[in-house]
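model17.pdb follows (PDB, C-alpha atoms):
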ATOM      1  CA  MET V   1      49.786 114.623  76.299
ATOM      2  CA  THR V   2      52.895 116.735  76.075
ATOM      3  CA  ASN V   3      54.839 117.476  79.231
ATOM      4  CA  THR V   4      56.827 120.635  79.257
ATOM      5  CA  LEU V   5      60.272 120.874  80.745
ATOM      6  CA  ASN V   6      58.984 122.949  83.661
ATOM      7  CA  ALA V   7      56.246 120.414  84.441
ATOM      8  CA  LEU V   8      58.758 117.550  84.385
ATOM      9  CA  LEU V   9      61.154 119.471  86.636
ATOM     10  CA  ALA V  10      58.324 120.155  89.085
ATOM     11  CA  GLN V  11      57.453 116.454  89.128
ATOM     12  CA  ARG V  12      61.093 115.588  89.746
ATOM     13  CA  THR V  13      61.231 118.045  92.653
ATOM     14  CA  GLN V  14      58.125 116.475  94.197
ATOM     15  CA  LEU V  15      59.526 112.967  93.695
ATOM     16  CA  ASP V  16      62.879 113.944  95.216
ATOM     17  CA  ALA V  17      61.094 115.340  98.276
ATOM     18  CA  ALA V  18      58.949 112.191  98.605
ATOM     19  CA  ILE V  19      62.041 109.986  98.288
ATOM     20  CA  ALA V  20      63.843 112.002 100.984
ATOM     21  CA  ARG V  21      60.876 111.690 103.363
ATOM     22  CA  ALA V  22      60.548 107.930 102.759
ATOM     23  CA  ARG V  23      64.314 107.415 103.228
ATOM     24  CA  LYS V  24      64.288 109.334 106.507
ATOM     25  CA  GLU V  25      61.284 107.409 107.887
ATOM     26  CA  GLU V  26      62.631 104.018 106.843
ATOM     27  CA  SER V  27      66.132 104.743 108.126
ATOM     28  CA  GLN V  28      64.706 105.743 111.519
ATOM     29  CA  GLU V  29      62.767 102.465 111.665
ATOM     30  CA  ALA V  30      65.857 100.476 110.644
ATOM     31  CA  LEU V  31      67.990 102.152 113.300
ATOM     32  CA  LYS V  32      65.321 101.497 115.924
ATOM     33  CA  LYS V  33      65.293  97.808 114.947
ATOM     34  CA  VAL V  34      69.104  97.624 115.134
ATOM     35  CA  HIS V  35      69.071  99.163 118.624
ATOM     36  CA  GLU V  36      66.425  96.671 119.729
ATOM     37  CA  LEU V  37      68.425  93.708 118.427
ATOM     38  CA  VAL V  38      71.670  94.938 120.005
ATOM     39  CA  ALA V  39      69.942  95.399 123.344
ATOM     40  CA  GLU V  40      68.110  92.047 123.101
ATOM     41  CA  PHE V  41      71.186  89.967 122.290
ATOM     42  CA  GLY V  42      73.854  92.070 124.024
ATOM     43  CA  PHE V  43      75.993  92.546 120.927
ATOM     44  CA  THR V  44      79.202  94.560 121.229
ATOM     45  CA  ALA V  45      80.289  97.230 118.766
ATOM     46  CA  GLN V  46      83.047  94.869 117.529
ATOM     47  CA  GLN V  47      80.435  92.192 116.759
ATOM     48  CA  VAL V  48      78.144  94.587 114.919
ATOM     49  CA  PHE V  49      80.904  96.478 113.115
ATOM     50  CA  PRO V  50      84.002  94.262 112.990
ATOM     51  CA  TRP V  51      87.169  96.187 112.294
ATOM     52  CA  LYS V  52      90.864  95.560 112.296
ATOM     53  CA  PRO V  53      93.307  98.199 113.418
ATOM     54  CA  ALA V  54      95.258  99.824 110.616
ATOM     55  CA  ILE V  55      98.636  98.206 110.183
ATOM     56  CA  LYS V  56     101.355 100.788 109.977
ATOM     57  CA  LYS V  57     104.010  99.912 107.427
ATOM     58  CA  VAL V  58     107.458 100.634 108.852
ATOM     59  CA  THR V  59     110.377 101.114 106.491
ATOM     60  CA  PRO V  60     113.265  98.709 107.134
ATOM     61  CA  LYS V  61     116.319 100.353 108.646
ATOM     62  CA  TYR V  62     118.791  97.462 108.491
ATOM     63  CA  ARG V  63     119.605  94.855 105.814
ATOM     64  CA  ASP V  64     121.697  91.704 105.921
ATOM     65  CA  GLU V  65     123.709  91.721 102.686
ATOM     66  CA  LYS V  66     124.200  87.950 102.775
ATOM     67  CA  SER V  67     120.558  86.896 103.054
ATOM     68  CA  GLY V  68     118.759  90.077 101.989
ATOM     69  CA  ALA V  69     116.710  89.973 105.191
ATOM     70  CA  THR V  70     115.644  93.324 106.626
ATOM     71  CA  TRP V  71     114.756  94.635 110.060
ATOM     72  CA  THR V  72     112.990  97.859 111.043
ATOM     73  CA  GLY V  73     114.896  98.289 114.288
ATOM     74  CA  ARG V  74     111.775  97.549 116.315
ATOM     75  CA  GLY V  75     111.319  94.562 118.551
ATOM     76  CA  LYS V  76     113.799  91.782 119.200
ATOM     77  CA  PRO V  77     116.755  91.970 116.811
ATOM     78  CA  PRO V  78     117.108  89.028 114.424
ATOM     79  CA  ALA V  79     120.043  86.630 114.821
ATOM     80  CA  TRP V  80     121.946  88.093 111.869
ATOM     81  CA  ILE V  81     122.320  91.478 113.628
ATOM     82  CA  ALA V  82     122.161  90.548 117.317
ATOM     83  CA  GLY V  83     125.339  91.514 119.145
ATOM     84  CA  LYS V  84     126.898  93.128 116.053
ATOM     85  CA  ASN V  85     127.545  96.754 115.099
ATOM     86  CA  ARG V  86     124.241  97.909 113.624
ATOM     87  CA  ALA V  87     125.909 100.696 111.656
ATOM     88  CA  ASP V  88     127.369  97.997 109.387
ATOM     89  CA  PHE V  89     123.829  96.947 108.401
ATOM     90  CA  LEU V  90     122.232 100.381 107.914
ATOM     91  CA  ILE V  91     120.283 100.808 104.709
ATOM     92  CA  GLU V  92     121.517 103.893 102.901
ATOM     93  CA  CYS V  93     118.611 106.084 101.904
ATOM     94  CA  ARG V  94     118.524 109.701 100.888
ATOM     95  CA  PRO V  95     115.583 111.847 101.907
ATOM     96  CA  SER V  96     113.460 112.725  98.882
ATOM     97  CA  HIS V  97     114.347 116.418  99.136
ATOM     98  CA  GLU V  98     118.030 115.547  98.574
ATOM     99  CA  GLY V  99     117.361 113.459  95.480
ATOM    100  CA  PRO V 100     117.939 114.628  91.920
ATOM    101  CA  PHE V 101     115.498 117.090  90.480
ATOM    102  CA  LEU V 102     113.366 116.150  87.494
ATOM    103  CA  ALA V 103     115.375 118.410  85.153
ATOM    104  CA  GLU V 104     118.621 116.769  86.266
ATOM    105  CA  MET V 105     117.123 113.320  85.656
ATOM    106  CA  ALA V 106     115.985 114.351  82.175
ATOM    107  CA  ALA V 107     119.410 115.754  81.352
ATOM    108  CA  ALA V 108     121.096 112.557  82.482
ATOM    109  CA  SER V 109     118.676 110.522  80.423
ATOM    110  CA  SER V 110     119.329 112.551  77.275
ATOM    111  CA  LYS V 111     123.112 112.179  77.767
ATOM    112  CA  GLN V 112     122.717 108.380  77.924
ATOM    113  CA  ARG V 113     120.855 108.308  74.598
ATOM    114  CA  THR V 114     123.601 110.102  72.655
TER     115      THR V 114
END
Would you mind writing the file out in structure tokens?
Amino acid sequence: MTNTLNALLAQRTQLDAAIARARKEESQEALKKVHELVAEFGFTAQQVFPWKPAIKKVTPKYRDEKSGATWTGRGKPPAWIAGKNRADFLIECRPSHEGPFLAEMAAASSKQRT
């Protein structure tokens, strides 16, 4: 028995539709069961879907040259900077738009090779 491409594509279309119907029915049943269990046991959203808040990485603003320790400038100042002039501990950083352009970096690199 030889199946033509069109016949196989038609079968696939029917199977895809049947799969979609079955998925929808089963997902509705699963969701109903989840709601029943949450209501029965009084679960909270945190218990059902535990999450941790995203930790925001803050760039250090100050550095102790002696120890290499850094501080973002938030919260209680560490002992190495407390009561001192913070300007002396500022980390020098140039904004990316002030940095060298790629062509300038390439030119500097080629000068170093010769």
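Taking CA of Leu90 in chain V and CA of Ile55 in chain V as the two end points, the separation is 23.8 Å.
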Give, as lines of an AutoDock Vina configuration file, the centre coordinates and the x, y and z edge lengths in Å to one decimal for an axis-aligned box around all listed atoms of range 52-63 of chain V, padded by 4 Å on each side.
center_x = 105.2
center_y = 98.0
center_z = 109.6
size_x = 36.7
size_y = 14.3
size_z = 15.6
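CA of His35 in chain V to CA of Val48 in chain V spans 10.8 Å [interatomic distance, one decimal].
Taking CA of Gln46 in chain V and CA of Gly75 in chain V as endpoints, the distance between them is 28.3 Å.
Against this structure, the PyMOL selection byres ((chain V and resi 70) around 10) ends up with Thr59, Pro60, Lys61, Tyr62, Arg63, Asp64, Glu65, Ser67, Gly68, Ala69, Trp71, Thr72, Gly73, Pro78, Trp80, Ile81, Phe89, Leu90 and Ile91 of chain V.
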Would you output that residue set with C-alpha atoms, as a PDB file, in the coordinates of the input?
ATOM      1  CA  THR V  59     110.377 101.114 106.491  1.00  0.00           C
ATOM      2  CA  PRO V  60     113.265  98.709 107.134  1.00  0.00           C
ATOM      3  CA  LYS V  61     116.319 100.353 108.646  1.00  0.00           C
ATOM      4  CA  TYR V  62     118.791  97.462 108.491  1.00  0.00           C
ATOM      5  CA  ARG V  63     119.605  94.855 105.814  1.00  0.00           C
ATOM      6  CA  ASP V  64     121.697  91.704 105.921  1.00  0.00           C
ATOM      7  CA  GLU V  65     123.709  91.721 102.686  1.00  0.00           C
ATOM      8  CA  SER V  67     120.558  86.896 103.054  1.00  0.00           C
ATOM      9  CA  GLY V  68     118.759  90.077 101.989  1.00  0.00           C
ATOM     10  CA  ALA V  69     116.710  89.973 105.191  1.00  0.00           C
ATOM     11  CA  TRP V  71     114.756  94.635 110.060  1.00  0.00           C
ATOM     12  CA  THR V  72     112.990  97.859 111.043  1.00  0.00           C
ATOM     13  CA  GLY V  73     114.896  98.289 114.288  1.00  0.00           C
ATOM     14  CA  PRO V  78     117.108  89.028 114.424  1.00  0.00           C
ATOM     15  CA  TRP V  80     121.946  88.093 111.869  1.00  0.00           C
ATOM     16  CA  ILE V  81     122.320  91.478 113.628  1.00  0.00           C
ATOM     17  CA  PHE V  89     123.829  96.947 108.401  1.00  0.00           C
ATOM     18  CA  LEU V  90     122.232 100.381 107.914  1.00  0.00           C
ATOM     19  CA  ILE V  91     120.283 100.808 104.709  1.00  0.00           C
TER      20      ILE V  91
END
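Closest approach to Val58 in chain V from the set V:Lys32, V:Ser109, V:Arg74, V:Phe43 is made by V:Arg74, with distances taken over all atoms listed in the file.
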